[in-house]
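**Student:** I am sharing model_18.txt, which consists of compact mmCIF, N, CA and C atoms:
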```
# COMPACT_ATOMS: atom_id res chain seq x y z
N MET Q 1 -26.36 30.99 54.48
CA MET Q 1 -27.18 31.66 55.48
C MET Q 1 -28.04 30.61 56.19
N ILE Q 2 -28.12 30.72 57.48
CA ILE Q 2 -28.92 29.80 58.29
C ILE Q 2 -30.33 30.36 58.43
N ARG Q 3 -31.31 29.55 58.10
CA ARG Q 3 -32.71 29.99 58.12
C ARG Q 3 -33.16 30.36 59.54
N ARG Q 4 -33.98 31.40 59.60
CA ARG Q 4 -34.55 31.87 60.87
C ARG Q 4 -36.00 31.43 60.96
N TYR Q 5 -36.39 31.00 62.16
CA TYR Q 5 -37.78 30.68 62.46
C TYR Q 5 -38.21 31.49 63.67
N GLY Q 6 -39.50 31.75 63.76
CA GLY Q 6 -40.02 32.44 64.93
C GLY Q 6 -40.04 33.95 64.77
N GLU Q 7 -39.93 34.62 65.91
CA GLU Q 7 -40.03 36.07 65.94
C GLU Q 7 -38.97 36.74 65.07
N PRO Q 8 -39.34 37.84 64.42
CA PRO Q 8 -38.32 38.59 63.67
C PRO Q 8 -37.38 39.30 64.64
N VAL Q 9 -36.24 39.68 64.12
CA VAL Q 9 -35.27 40.44 64.91
C VAL Q 9 -35.90 41.78 65.26
N LYS Q 10 -35.82 42.18 66.53
CA LYS Q 10 -36.36 43.46 66.97
C LYS Q 10 -35.31 44.55 66.74
N ALA Q 11 -35.67 45.57 65.99
CA ALA Q 11 -34.75 46.67 65.71
C ALA Q 11 -34.28 47.29 67.02
N GLY Q 12 -32.98 47.48 67.13
CA GLY Q 12 -32.40 48.12 68.31
C GLY Q 12 -32.17 47.18 69.48
N GLN Q 13 -32.67 45.95 69.41
CA GLN Q 13 -32.49 44.99 70.50
C GLN Q 13 -31.12 44.32 70.37
N ARG Q 14 -30.39 44.26 71.45
CA ARG Q 14 -29.08 43.58 71.45
C ARG Q 14 -29.31 42.12 71.83
N TYR Q 15 -28.74 41.20 71.04
CA TYR Q 15 -28.90 39.77 71.26
C TYR Q 15 -27.57 39.13 71.61
N THR Q 16 -27.62 38.16 72.51
CA THR Q 16 -26.45 37.36 72.87
C THR Q 16 -26.53 36.06 72.08
N ARG Q 17 -25.47 35.73 71.36
CA ARG Q 17 -25.48 34.47 70.61
C ARG Q 17 -25.43 33.31 71.59
N ARG Q 18 -26.34 32.35 71.40
CA ARG Q 18 -26.44 31.19 72.29
C ARG Q 18 -26.51 29.92 71.45
N PRO Q 19 -25.35 29.27 71.19
CA PRO Q 19 -25.38 28.03 70.42
C PRO Q 19 -25.97 26.90 71.25
N GLY Q 20 -26.74 26.04 70.58
CA GLY Q 20 -27.34 24.90 71.27
C GLY Q 20 -27.42 23.70 70.34
N VAL Q 21 -27.64 22.55 70.95
CA VAL Q 21 -27.74 21.28 70.22
C VAL Q 21 -29.02 20.57 70.63
N TYR Q 22 -29.65 19.93 69.64
CA TYR Q 22 -30.95 19.30 69.86
C TYR Q 22 -30.98 17.98 69.11
N ALA Q 23 -31.85 17.05 69.53
CA ALA Q 23 -31.87 15.73 68.92
C ALA Q 23 -33.26 15.33 68.46
N ILE Q 24 -33.30 14.71 67.29
CA ILE Q 24 -34.47 13.98 66.83
C ILE Q 24 -34.20 12.53 67.20
N LEU Q 25 -35.00 12.02 68.13
CA LEU Q 25 -34.82 10.68 68.69
C LEU Q 25 -35.99 9.80 68.31
N LEU Q 26 -35.80 8.98 67.28
CA LEU Q 26 -36.89 8.15 66.76
C LEU Q 26 -36.79 6.72 67.25
N ASP Q 27 -37.95 6.13 67.48
CA ASP Q 27 -38.07 4.71 67.77
C ASP Q 27 -39.35 4.25 67.09
N GLY Q 28 -39.20 3.61 65.94
CA GLY Q 28 -40.37 3.23 65.16
C GLY Q 28 -41.10 4.47 64.69
N GLY Q 29 -42.39 4.53 64.93
CA GLY Q 29 -43.19 5.68 64.52
C GLY Q 29 -43.34 6.73 65.59
N HIS Q 30 -42.48 6.71 66.61
CA HIS Q 30 -42.56 7.67 67.72
C HIS Q 30 -41.26 8.46 67.86
N ILE Q 31 -41.38 9.63 68.44
CA ILE Q 31 -40.23 10.50 68.69
C ILE Q 31 -40.23 10.86 70.18
N LEU Q 32 -39.04 10.82 70.77
CA LEU Q 32 -38.89 11.20 72.17
C LEU Q 32 -38.76 12.72 72.25
N THR Q 33 -39.70 13.34 72.94
CA THR Q 33 -39.67 14.79 73.14
C THR Q 33 -39.53 15.08 74.62
N THR Q 34 -39.32 16.34 74.93
CA THR Q 34 -39.40 16.78 76.31
C THR Q 34 -40.54 17.78 76.40
N HIS Q 35 -41.32 17.66 77.46
CA HIS Q 35 -42.37 18.65 77.71
C HIS Q 35 -41.85 19.56 78.80
N GLN Q 36 -41.72 20.84 78.47
CA GLN Q 36 -41.24 21.84 79.43
C GLN Q 36 -42.45 22.57 79.97
N ALA Q 37 -42.60 22.58 81.29
CA ALA Q 37 -43.78 23.15 81.93
C ALA Q 37 -43.78 24.67 81.95
N ALA Q 38 -42.60 25.30 82.07
CA ALA Q 38 -42.54 26.76 82.20
C ALA Q 38 -41.35 27.28 81.40
N PRO Q 39 -41.35 28.51 80.96
CA PRO Q 39 -42.33 29.55 81.24
C PRO Q 39 -43.64 29.37 80.48
N VAL Q 40 -43.59 28.67 79.34
CA VAL Q 40 -44.81 28.36 78.57
C VAL Q 40 -44.80 26.85 78.35
N PRO Q 41 -45.85 26.14 78.75
CA PRO Q 41 -45.87 24.69 78.54
C PRO Q 41 -45.78 24.37 77.05
N GLU Q 42 -44.80 23.50 76.69
CA GLU Q 42 -44.67 23.11 75.29
C GLU Q 42 -43.81 21.87 75.14
N PHE Q 43 -44.05 21.17 74.03
CA PHE Q 43 -43.21 20.04 73.65
C PHE Q 43 -42.03 20.58 72.86
N GLN Q 44 -40.86 19.98 73.07
CA GLN Q 44 -39.64 20.43 72.40
C GLN Q 44 -38.79 19.23 72.00
N LEU Q 45 -37.92 19.45 71.01
CA LEU Q 45 -36.86 18.48 70.80
C LEU Q 45 -35.93 18.58 72.01
N PRO Q 46 -35.50 17.46 72.58
CA PRO Q 46 -34.58 17.54 73.72
C PRO Q 46 -33.26 18.16 73.31
N GLY Q 47 -32.71 18.97 74.18
CA GLY Q 47 -31.43 19.61 73.93
C GLY Q 47 -31.37 20.96 74.61
N GLY Q 48 -30.31 21.69 74.32
CA GLY Q 48 -30.17 23.00 74.93
C GLY Q 48 -28.80 23.59 74.67
N GLY Q 49 -28.47 24.57 75.47
CA GLY Q 49 -27.26 25.36 75.25
C GLY Q 49 -25.97 24.61 75.49
N ILE Q 50 -24.98 25.00 74.71
CA ILE Q 50 -23.63 24.47 74.85
C ILE Q 50 -22.91 25.38 75.85
N ASP Q 51 -22.47 24.81 76.96
CA ASP Q 51 -21.77 25.60 77.98
C ASP Q 51 -20.37 26.01 77.50
N LYS Q 52 -19.87 27.10 78.05
CA LYS Q 52 -18.54 27.59 77.70
C LYS Q 52 -17.51 26.48 77.93
N GLY Q 53 -16.69 26.23 76.91
CA GLY Q 53 -15.66 25.21 76.99
C GLY Q 53 -16.14 23.80 76.66
N GLU Q 54 -17.43 23.65 76.42
CA GLU Q 54 -18.02 22.33 76.12
C GLU Q 54 -18.09 22.12 74.61
N GLN Q 55 -17.91 20.91 74.17
CA GLN Q 55 -18.04 20.56 72.76
C GLN Q 55 -19.50 20.18 72.46
N PRO Q 56 -19.95 20.32 71.20
CA PRO Q 56 -21.35 20.08 70.88
C PRO Q 56 -21.88 18.68 71.21
N ILE Q 57 -21.18 17.63 70.86
CA ILE Q 57 -21.71 16.27 71.07
C ILE Q 57 -21.82 15.94 72.57
N PRO Q 58 -20.79 16.22 73.38
CA PRO Q 58 -20.98 16.00 74.82
C PRO Q 58 -22.12 16.85 75.40
N ALA Q 59 -22.29 18.07 74.88
CA ALA Q 59 -23.40 18.91 75.34
C ALA Q 59 -24.73 18.27 74.98
N LEU Q 60 -24.83 17.68 73.80
CA LEU Q 60 -26.07 17.02 73.39
C LEU Q 60 -26.38 15.85 74.31
N HIS Q 61 -25.38 15.03 74.60
CA HIS Q 61 -25.59 13.90 75.53
C HIS Q 61 -26.08 14.42 76.89
N ARG Q 62 -25.43 15.45 77.41
CA ARG Q 62 -25.80 16.00 78.71
C ARG Q 62 -27.22 16.54 78.70
N GLU Q 63 -27.53 17.36 77.71
CA GLU Q 63 -28.85 17.99 77.65
C GLU Q 63 -29.97 16.97 77.50
N VAL Q 64 -29.78 15.99 76.61
CA VAL Q 64 -30.82 14.98 76.42
C VAL Q 64 -31.03 14.20 77.71
N TYR Q 65 -29.94 13.83 78.38
CA TYR Q 65 -30.06 13.12 79.65
C TYR Q 65 -30.80 13.98 80.70
N GLU Q 66 -30.43 15.25 80.81
CA GLU Q 66 -31.06 16.13 81.80
C GLU Q 66 -32.57 16.29 81.54
N GLU Q 67 -32.95 16.37 80.26
CA GLU Q 67 -34.34 16.67 79.92
C GLU Q 67 -35.22 15.43 79.73
N THR Q 68 -34.60 14.26 79.51
CA THR Q 68 -35.40 13.05 79.27
C THR Q 68 -35.03 11.88 80.15
N GLY Q 69 -33.80 11.85 80.67
CA GLY Q 69 -33.33 10.70 81.43
C GLY Q 69 -32.77 9.58 80.56
N TRP Q 70 -32.64 9.83 79.25
CA TRP Q 70 -32.19 8.81 78.32
C TRP Q 70 -30.73 8.99 77.92
N LYS Q 71 -30.04 7.87 77.75
CA LYS Q 71 -28.72 7.80 77.13
C LYS Q 71 -28.97 7.65 75.63
N ILE Q 72 -28.14 8.31 74.80
CA ILE Q 72 -28.35 8.29 73.35
C ILE Q 72 -27.08 7.93 72.61
N ALA Q 73 -27.25 7.58 71.34
CA ALA Q 73 -26.13 7.39 70.41
C ALA Q 73 -26.38 8.35 69.24
N VAL Q 74 -25.47 9.29 69.04
CA VAL Q 74 -25.62 10.29 67.98
C VAL Q 74 -25.26 9.66 66.64
N THR Q 75 -26.15 9.84 65.65
CA THR Q 75 -25.95 9.27 64.32
C THR Q 75 -25.30 10.27 63.37
N ARG Q 76 -25.94 11.44 63.22
CA ARG Q 76 -25.39 12.45 62.30
C ARG Q 76 -26.05 13.80 62.51
N ARG Q 77 -25.37 14.82 62.00
CA ARG Q 77 -25.89 16.19 62.03
C ARG Q 77 -26.90 16.33 60.90
N LEU Q 78 -28.06 16.93 61.21
CA LEU Q 78 -29.10 17.13 60.21
C LEU Q 78 -29.13 18.54 59.64
N GLY Q 79 -28.81 19.53 60.46
CA GLY Q 79 -28.86 20.91 59.99
C GLY Q 79 -28.95 21.87 61.16
N ALA Q 80 -29.22 23.13 60.82
CA ALA Q 80 -29.27 24.16 61.86
C ALA Q 80 -30.29 25.24 61.48
N PHE Q 81 -30.77 25.94 62.49
CA PHE Q 81 -31.65 27.09 62.28
C PHE Q 81 -31.40 28.09 63.39
N ARG Q 82 -31.93 29.31 63.20
CA ARG Q 82 -31.78 30.37 64.20
C ARG Q 82 -33.14 30.78 64.72
N ARG Q 83 -33.16 31.19 65.98
CA ARG Q 83 -34.35 31.79 66.61
C ARG Q 83 -33.88 32.99 67.41
N PHE Q 84 -34.67 34.05 67.40
CA PHE Q 84 -34.39 35.23 68.22
C PHE Q 84 -35.48 35.29 69.27
N ALA Q 85 -35.10 35.20 70.53
CA ALA Q 85 -36.11 35.09 71.59
C ALA Q 85 -35.57 35.61 72.91
N PHE Q 86 -36.50 35.98 73.79
CA PHE Q 86 -36.13 36.31 75.16
C PHE Q 86 -36.05 35.02 75.95
N MET Q 87 -34.98 34.84 76.71
CA MET Q 87 -34.79 33.65 77.54
C MET Q 87 -34.95 34.07 78.99
N PRO Q 88 -36.17 33.91 79.55
CA PRO Q 88 -36.42 34.40 80.91
C PRO Q 88 -35.55 33.74 81.98
N GLU Q 89 -35.14 32.48 81.76
CA GLU Q 89 -34.31 31.79 82.76
C GLU Q 89 -32.93 32.43 82.89
N TYR Q 90 -32.48 33.13 81.84
CA TYR Q 90 -31.19 33.82 81.86
C TYR Q 90 -31.34 35.33 81.82
N GLU Q 91 -32.57 35.79 81.64
CA GLU Q 91 -32.88 37.21 81.53
C GLU Q 91 -32.07 37.89 80.43
N ILE Q 92 -32.03 37.21 79.25
CA ILE Q 92 -31.32 37.78 78.10
C ILE Q 92 -32.16 37.62 76.85
N TRP Q 93 -31.90 38.50 75.89
CA TRP Q 93 -32.40 38.33 74.53
C TRP Q 93 -31.32 37.55 73.81
N ALA Q 94 -31.71 36.44 73.17
CA ALA Q 94 -30.72 35.56 72.57
C ALA Q 94 -30.96 35.32 71.09
N GLU Q 95 -29.86 35.22 70.36
CA GLU Q 95 -29.88 34.65 69.02
C GLU Q 95 -29.50 33.20 69.23
N LYS Q 96 -30.49 32.34 69.19
CA LYS Q 96 -30.26 30.91 69.43
C LYS Q 96 -29.86 30.25 68.11
N LEU Q 97 -28.66 29.72 68.06
CA LEU Q 97 -28.19 28.98 66.91
C LEU Q 97 -28.37 27.50 67.25
N CYS Q 98 -29.40 26.88 66.66
CA CYS Q 98 -29.85 25.54 67.03
C CYS Q 98 -29.37 24.52 66.00
N THR Q 99 -28.45 23.64 66.41
CA THR Q 99 -27.97 22.57 65.54
C THR Q 99 -28.69 21.29 65.94
N VAL Q 100 -29.27 20.61 64.94
CA VAL Q 100 -30.09 19.43 65.20
C VAL Q 100 -29.38 18.19 64.67
N TYR Q 101 -29.37 17.15 65.51
CA TYR Q 101 -28.75 15.88 65.18
C TYR Q 101 -29.80 14.77 65.19
N LEU Q 102 -29.56 13.74 64.40
CA LEU Q 102 -30.33 12.51 64.49
C LEU Q 102 -29.60 11.63 65.49
N ALA Q 103 -30.34 11.04 66.41
CA ALA Q 103 -29.73 10.17 67.41
C ALA Q 103 -30.70 9.04 67.74
N GLN Q 104 -30.15 7.99 68.31
CA GLN Q 104 -30.96 6.86 68.72
C GLN Q 104 -31.07 6.83 70.23
N PRO Q 105 -32.28 6.65 70.76
CA PRO Q 105 -32.41 6.44 72.19
C PRO Q 105 -31.85 5.05 72.52
N VAL Q 106 -30.93 4.97 73.46
CA VAL Q 106 -30.25 3.71 73.77
C VAL Q 106 -30.84 3.06 75.03
N MET Q 107 -30.94 3.86 76.10
CA MET Q 107 -31.40 3.29 77.36
C MET Q 107 -31.94 4.40 78.27
N ARG Q 108 -33.08 4.11 78.89
CA ARG Q 108 -33.61 5.05 79.88
C ARG Q 108 -32.86 4.82 81.18
N LEU Q 109 -32.18 5.86 81.66
CA LEU Q 109 -31.39 5.75 82.89
C LEU Q 109 -32.16 6.21 84.12
N GLY Q 110 -33.25 6.93 83.91
CA GLY Q 110 -34.04 7.44 85.03
C GLY Q 110 -34.91 8.57 84.56
N PRO Q 111 -35.56 9.25 85.50
CA PRO Q 111 -36.39 10.39 85.12
C PRO Q 111 -35.52 11.60 84.77
N PRO Q 112 -36.10 12.58 84.08
CA PRO Q 112 -35.34 13.81 83.79
C PRO Q 112 -34.85 14.45 85.09
N SER Q 113 -33.64 14.98 85.06
CA SER Q 113 -33.11 15.66 86.25
C SER Q 113 -33.36 17.15 86.21
N GLU Q 114 -33.74 17.68 85.05
CA GLU Q 114 -34.01 19.11 84.93
C GLU Q 114 -35.43 19.40 85.39
N PRO Q 115 -35.58 20.27 86.39
CA PRO Q 115 -36.92 20.58 86.91
C PRO Q 115 -37.86 21.07 85.81
N GLY Q 116 -39.11 20.63 85.88
CA GLY Q 116 -40.11 21.09 84.94
C GLY Q 116 -40.12 20.38 83.61
N HIS Q 117 -39.28 19.35 83.44
CA HIS Q 117 -39.22 18.61 82.18
C HIS Q 117 -39.75 17.19 82.37
N THR Q 118 -40.49 16.72 81.38
CA THR Q 118 -41.02 15.36 81.37
C THR Q 118 -40.72 14.75 80.00
N ALA Q 119 -40.22 13.52 79.99
CA ALA Q 119 -39.98 12.82 78.73
C ALA Q 119 -41.31 12.28 78.21
N VAL Q 120 -41.62 12.57 76.94
CA VAL Q 120 -42.89 12.14 76.35
C VAL Q 120 -42.61 11.58 74.95
N TRP Q 121 -43.09 10.35 74.72
CA TRP Q 121 -43.04 9.76 73.38
C TRP Q 121 -44.29 10.19 72.64
N LEU Q 122 -44.11 10.82 71.49
CA LEU Q 122 -45.23 11.24 70.65
C LEU Q 122 -45.18 10.50 69.32
N PRO Q 123 -46.36 10.14 68.77
CA PRO Q 123 -46.34 9.67 67.39
C PRO Q 123 -45.73 10.76 66.51
N VAL Q 124 -44.93 10.37 65.54
CA VAL Q 124 -44.21 11.34 64.71
C VAL Q 124 -45.18 12.34 64.07
N GLU Q 125 -46.28 11.87 63.53
CA GLU Q 125 -47.24 12.78 62.88
C GLU Q 125 -47.80 13.80 63.87
N GLU Q 126 -48.02 13.39 65.09
CA GLU Q 126 -48.51 14.31 66.13
C GLU Q 126 -47.44 15.32 66.49
N ALA Q 127 -46.19 14.87 66.56
CA ALA Q 127 -45.09 15.78 66.90
C ALA Q 127 -44.95 16.89 65.87
N LEU Q 128 -45.25 16.59 64.61
CA LEU Q 128 -45.15 17.61 63.56
C LEU Q 128 -46.06 18.81 63.83
N THR Q 129 -47.11 18.62 64.61
CA THR Q 129 -48.01 19.74 64.94
C THR Q 129 -47.85 20.21 66.38
N ARG Q 130 -47.35 19.36 67.27
CA ARG Q 130 -47.31 19.71 68.69
C ARG Q 130 -46.00 20.29 69.18
N LEU Q 131 -44.91 20.10 68.43
CA LEU Q 131 -43.65 20.72 68.86
C LEU Q 131 -43.85 22.23 68.93
N GLY Q 132 -43.33 22.84 69.98
CA GLY Q 132 -43.65 24.21 70.31
C GLY Q 132 -43.01 25.30 69.48
N ASN Q 133 -41.98 24.98 68.69
CA ASN Q 133 -41.42 26.05 67.87
C ASN Q 133 -41.30 25.59 66.43
N ALA Q 134 -41.41 26.55 65.55
CA ALA Q 134 -41.44 26.28 64.11
C ALA Q 134 -40.14 25.66 63.61
N GLY Q 135 -39.02 26.01 64.22
CA GLY Q 135 -37.75 25.43 63.81
C GLY Q 135 -37.70 23.93 64.08
N ASP Q 136 -38.14 23.51 65.28
CA ASP Q 136 -38.18 22.08 65.61
C ASP Q 136 -39.09 21.34 64.62
N ARG Q 137 -40.26 21.90 64.35
CA ARG Q 137 -41.21 21.27 63.43
C ARG Q 137 -40.62 21.16 62.03
N ALA Q 138 -39.96 22.22 61.57
CA ALA Q 138 -39.37 22.23 60.23
C ALA Q 138 -38.24 21.21 60.11
N MET Q 139 -37.39 21.09 61.13
CA MET Q 139 -36.29 20.13 61.07
C MET Q 139 -36.83 18.71 61.06
N LEU Q 140 -37.87 18.43 61.84
CA LEU Q 140 -38.46 17.09 61.84
C LEU Q 140 -39.09 16.81 60.47
N ALA Q 141 -39.82 17.74 59.94
CA ALA Q 141 -40.47 17.55 58.63
C ALA Q 141 -39.42 17.34 57.54
N ARG Q 142 -38.35 18.12 57.58
CA ARG Q 142 -37.28 17.99 56.59
C ARG Q 142 -36.63 16.61 56.67
N PHE Q 143 -36.40 16.12 57.90
CA PHE Q 143 -35.81 14.81 58.06
C PHE Q 143 -36.73 13.71 57.53
N LEU Q 144 -38.03 13.83 57.74
CA LEU Q 144 -38.97 12.81 57.35
C LEU Q 144 -39.18 12.74 55.84
N ARG Q 145 -38.86 13.83 55.12
CA ARG Q 145 -39.04 13.84 53.65
C ARG Q 145 -38.14 12.88 52.98
```
Go through the file and emit its structure as structure tokens.
**Tutor:**
Amino acid sequence: MIRRYGEPVKAGQRYTRRPGVYAILLDGGHILTTHQAAPVPEFQLPGGGIDKGEQPIPALHREVYEETGWKIAVTRRLGAFRRFAFMPEYEIWAEKLCTVYLAQPVMRLGPPSEPGHTAVWLPVEEALTRLGNAGDRAMLARFLR
């Protein structure tokens, strides 16, 4: 069973399964995050949804580049968690299946191309409290143990 973080499942609510990939990107004592300005300003692990017909690792490369402007090298899969949430950008209730990978930031290619996103390096200890969702925080804490 994959652990759930965040809001409980709402009885009677229909959810669309939305698989996604996310990265823990460490450089020394810092982690590369993305700050998303809307709908709620928050720090996140870079990543996002896997498009139809797309494989997870290419999706991770694409999402990290879009949200941070960085090229990465994927090291290994760390684990997965689920979140049940409303996604206003798609106007759907989603069961987000979030798979998290460890990756290395290789080269900054430019600014984020996804509107409303800013690449931010946070000290790892600060990221443990500032990441916007409990699943991201738990995966980072689990990796650091």
**Student:** Please determine, counting all atoms listed in the file, which residue among Q:Leu45, Q:Val106, Q:Ala85, Q:Ile92 has the shortest atom-to-atom distance to Trp70 (chain Q).
**Tutor:**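 Closest residue, counting all atoms listed in the file: Q:Val106.
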**Student:** Tell me which protein, DNA and RNA residues are within 8 Å of Lys96 (chain Q), counting all atoms listed in the file, leaving out same-chain ones fewer than 4 positions away, and put them as an NGL selection string.
**Tutor:** :Q and (15-20 or 81-85)
**Student:** Env of region 122-125 of chain Q: 12 Å cut, atoms = only C-alpha atoms, seq-sep filter 5 positions within chain, self excluded. Answer as a PyMOL selection string.
**Tutor:** chain Q and resi 24-35+43-45+130-131+137+140-141+143-144
**Student:** By how many Å are CA of Gly47 (chain Q) and CA of Tyr65 (chain Q) apart?
**Tutor:**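 If I compute the distance from CA of Gly47 (chain Q) to CA of Tyr65 (chain Q), I get 8.8 Å.
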**Student:** Could you please write out, as number ranges by chain, every residue of region 34-107 of chain Q that DSSP assigns to strand (DSSP E or B)?
**Tutor:** Q: 34-36, 42-44, 47-49, 70-87, 92-107
**Student:** Residues as selected, N, CA and C atoms, written as a short mmCIF file (atom, residue, chain, number, x, y, z; two decimals), in the frame of the given file, can you do that?
**Tutor:**
```cif
data_model
loop_
_atom_site.label_atom_id
_atom_site.label_comp_id
_atom_site.auth_asym_id
_atom_site.auth_seq_id
_atom_site.Cartn_x
_atom_site.Cartn_y
_atom_site.Cartn_z
N THR Q 34 -39.32 16.34 74.93
CA THR Q 34 -39.40 16.78 76.31
C THR Q 34 -40.54 17.78 76.40
N HIS Q 35 -41.32 17.66 77.46
CA HIS Q 35 -42.37 18.65 77.71
C HIS Q 35 -41.85 19.56 78.80
N GLN Q 36 -41.72 20.84 78.47
CA GLN Q 36 -41.24 21.84 79.43
C GLN Q 36 -42.45 22.57 79.97
N GLU Q 42 -44.80 23.50 76.69
CA GLU Q 42 -44.67 23.11 75.29
C GLU Q 42 -43.81 21.87 75.14
N PHE Q 43 -44.05 21.17 74.03
CA PHE Q 43 -43.21 20.04 73.65
C PHE Q 43 -42.03 20.58 72.86
N GLN Q 44 -40.86 19.98 73.07
CA GLN Q 44 -39.64 20.43 72.40
C GLN Q 44 -38.79 19.23 72.00
N GLY Q 47 -32.71 18.97 74.18
CA GLY Q 47 -31.43 19.61 73.93
C GLY Q 47 -31.37 20.96 74.61
N GLY Q 48 -30.31 21.69 74.32
CA GLY Q 48 -30.17 23.00 74.93
C GLY Q 48 -28.80 23.59 74.67
N GLY Q 49 -28.47 24.57 75.47
CA GLY Q 49 -27.26 25.36 75.25
C GLY Q 49 -25.97 24.61 75.49
N TRP Q 70 -32.64 9.83 79.25
CA TRP Q 70 -32.19 8.81 78.32
C TRP Q 70 -30.73 8.99 77.92
N LYS Q 71 -30.04 7.87 77.75
CA LYS Q 71 -28.72 7.80 77.13
C LYS Q 71 -28.97 7.65 75.63
N ILE Q 72 -28.14 8.31 74.80
CA ILE Q 72 -28.35 8.29 73.35
C ILE Q 72 -27.08 7.93 72.61
N ALA Q 73 -27.25 7.58 71.34
CA ALA Q 73 -26.13 7.39 70.41
C ALA Q 73 -26.38 8.35 69.24
N VAL Q 74 -25.47 9.29 69.04
CA VAL Q 74 -25.62 10.29 67.98
C VAL Q 74 -25.26 9.66 66.64
N THR Q 75 -26.15 9.84 65.65
CA THR Q 75 -25.95 9.27 64.32
C THR Q 75 -25.30 10.27 63.37
N ARG Q 76 -25.94 11.44 63.22
CA ARG Q 76 -25.39 12.45 62.30
C ARG Q 76 -26.05 13.80 62.51
N ARG Q 77 -25.37 14.82 62.00
CA ARG Q 77 -25.89 16.19 62.03
C ARG Q 77 -26.90 16.33 60.90
N LEU Q 78 -28.06 16.93 61.21
CA LEU Q 78 -29.10 17.13 60.21
C LEU Q 78 -29.13 18.54 59.64
N GLY Q 79 -28.81 19.53 60.46
CA GLY Q 79 -28.86 20.91 59.99
C GLY Q 79 -28.95 21.87 61.16
N ALA Q 80 -29.22 23.13 60.82
CA ALA Q 80 -29.27 24.16 61.86
C ALA Q 80 -30.29 25.24 61.48
N PHE Q 81 -30.77 25.94 62.49
CA PHE Q 81 -31.65 27.09 62.28
C PHE Q 81 -31.40 28.09 63.39
N ARG Q 82 -31.93 29.31 63.20
CA ARG Q 82 -31.78 30.37 64.20
C ARG Q 82 -33.14 30.78 64.72
N ARG Q 83 -33.16 31.19 65.98
CA ARG Q 83 -34.35 31.79 66.61
C ARG Q 83 -33.88 32.99 67.41
N PHE Q 84 -34.67 34.05 67.40
CA PHE Q 84 -34.39 35.23 68.22
C PHE Q 84 -35.48 35.29 69.27
N ALA Q 85 -35.10 35.20 70.53
CA ALA Q 85 -36.11 35.09 71.59
C ALA Q 85 -35.57 35.61 72.91
N PHE Q 86 -36.50 35.98 73.79
CA PHE Q 86 -36.13 36.31 75.16
C PHE Q 86 -36.05 35.02 75.95
N MET Q 87 -34.98 34.84 76.71
CA MET Q 87 -34.79 33.65 77.54
C MET Q 87 -34.95 34.07 78.99
N ILE Q 92 -32.03 37.21 79.25
CA ILE Q 92 -31.32 37.78 78.10
C ILE Q 92 -32.16 37.62 76.85
N TRP Q 93 -31.90 38.50 75.89
CA TRP Q 93 -32.40 38.33 74.53
C TRP Q 93 -31.32 37.55 73.81
N ALA Q 94 -31.71 36.44 73.17
CA ALA Q 94 -30.72 35.56 72.57
C ALA Q 94 -30.96 35.32 71.09
N GLU Q 95 -29.86 35.22 70.36
CA GLU Q 95 -29.88 34.65 69.02
C GLU Q 95 -29.50 33.20 69.23
N LYS Q 96 -30.49 32.34 69.19
CA LYS Q 96 -30.26 30.91 69.43
C LYS Q 96 -29.86 30.25 68.11
N LEU Q 97 -28.66 29.72 68.06
CA LEU Q 97 -28.19 28.98 66.91
C LEU Q 97 -28.37 27.50 67.25
N CYS Q 98 -29.40 26.88 66.66
CA CYS Q 98 -29.85 25.54 67.03
C CYS Q 98 -29.37 24.52 66.00
N THR Q 99 -28.45 23.64 66.41
CA THR Q 99 -27.97 22.57 65.54
C THR Q 99 -28.69 21.29 65.94
N VAL Q 100 -29.27 20.61 64.94
CA VAL Q 100 -30.09 19.43 65.20
C VAL Q 100 -29.38 18.19 64.67
N TYR Q 101 -29.37 17.15 65.51
CA TYR Q 101 -28.75 15.88 65.18
C TYR Q 101 -29.80 14.77 65.19
N LEU Q 102 -29.56 13.74 64.40
CA LEU Q 102 -30.33 12.51 64.49
C LEU Q 102 -29.60 11.63 65.49
N ALA Q 103 -30.34 11.04 66.41
CA ALA Q 103 -29.73 10.17 67.41
C ALA Q 103 -30.70 9.04 67.74
N GLN Q 104 -30.15 7.99 68.31
CA GLN Q 104 -30.96 6.86 68.72
C GLN Q 104 -31.07 6.83 70.23
N PRO Q 105 -32.28 6.65 70.76
CA PRO Q 105 -32.41 6.44 72.19
C PRO Q 105 -31.85 5.05 72.52
N VAL Q 106 -30.93 4.97 73.46
CA VAL Q 106 -30.25 3.71 73.77
C VAL Q 106 -30.84 3.06 75.03
N MET Q 107 -30.94 3.86 76.10
CA MET Q 107 -31.40 3.29 77.36
C MET Q 107 -31.94 4.40 78.27
#
```
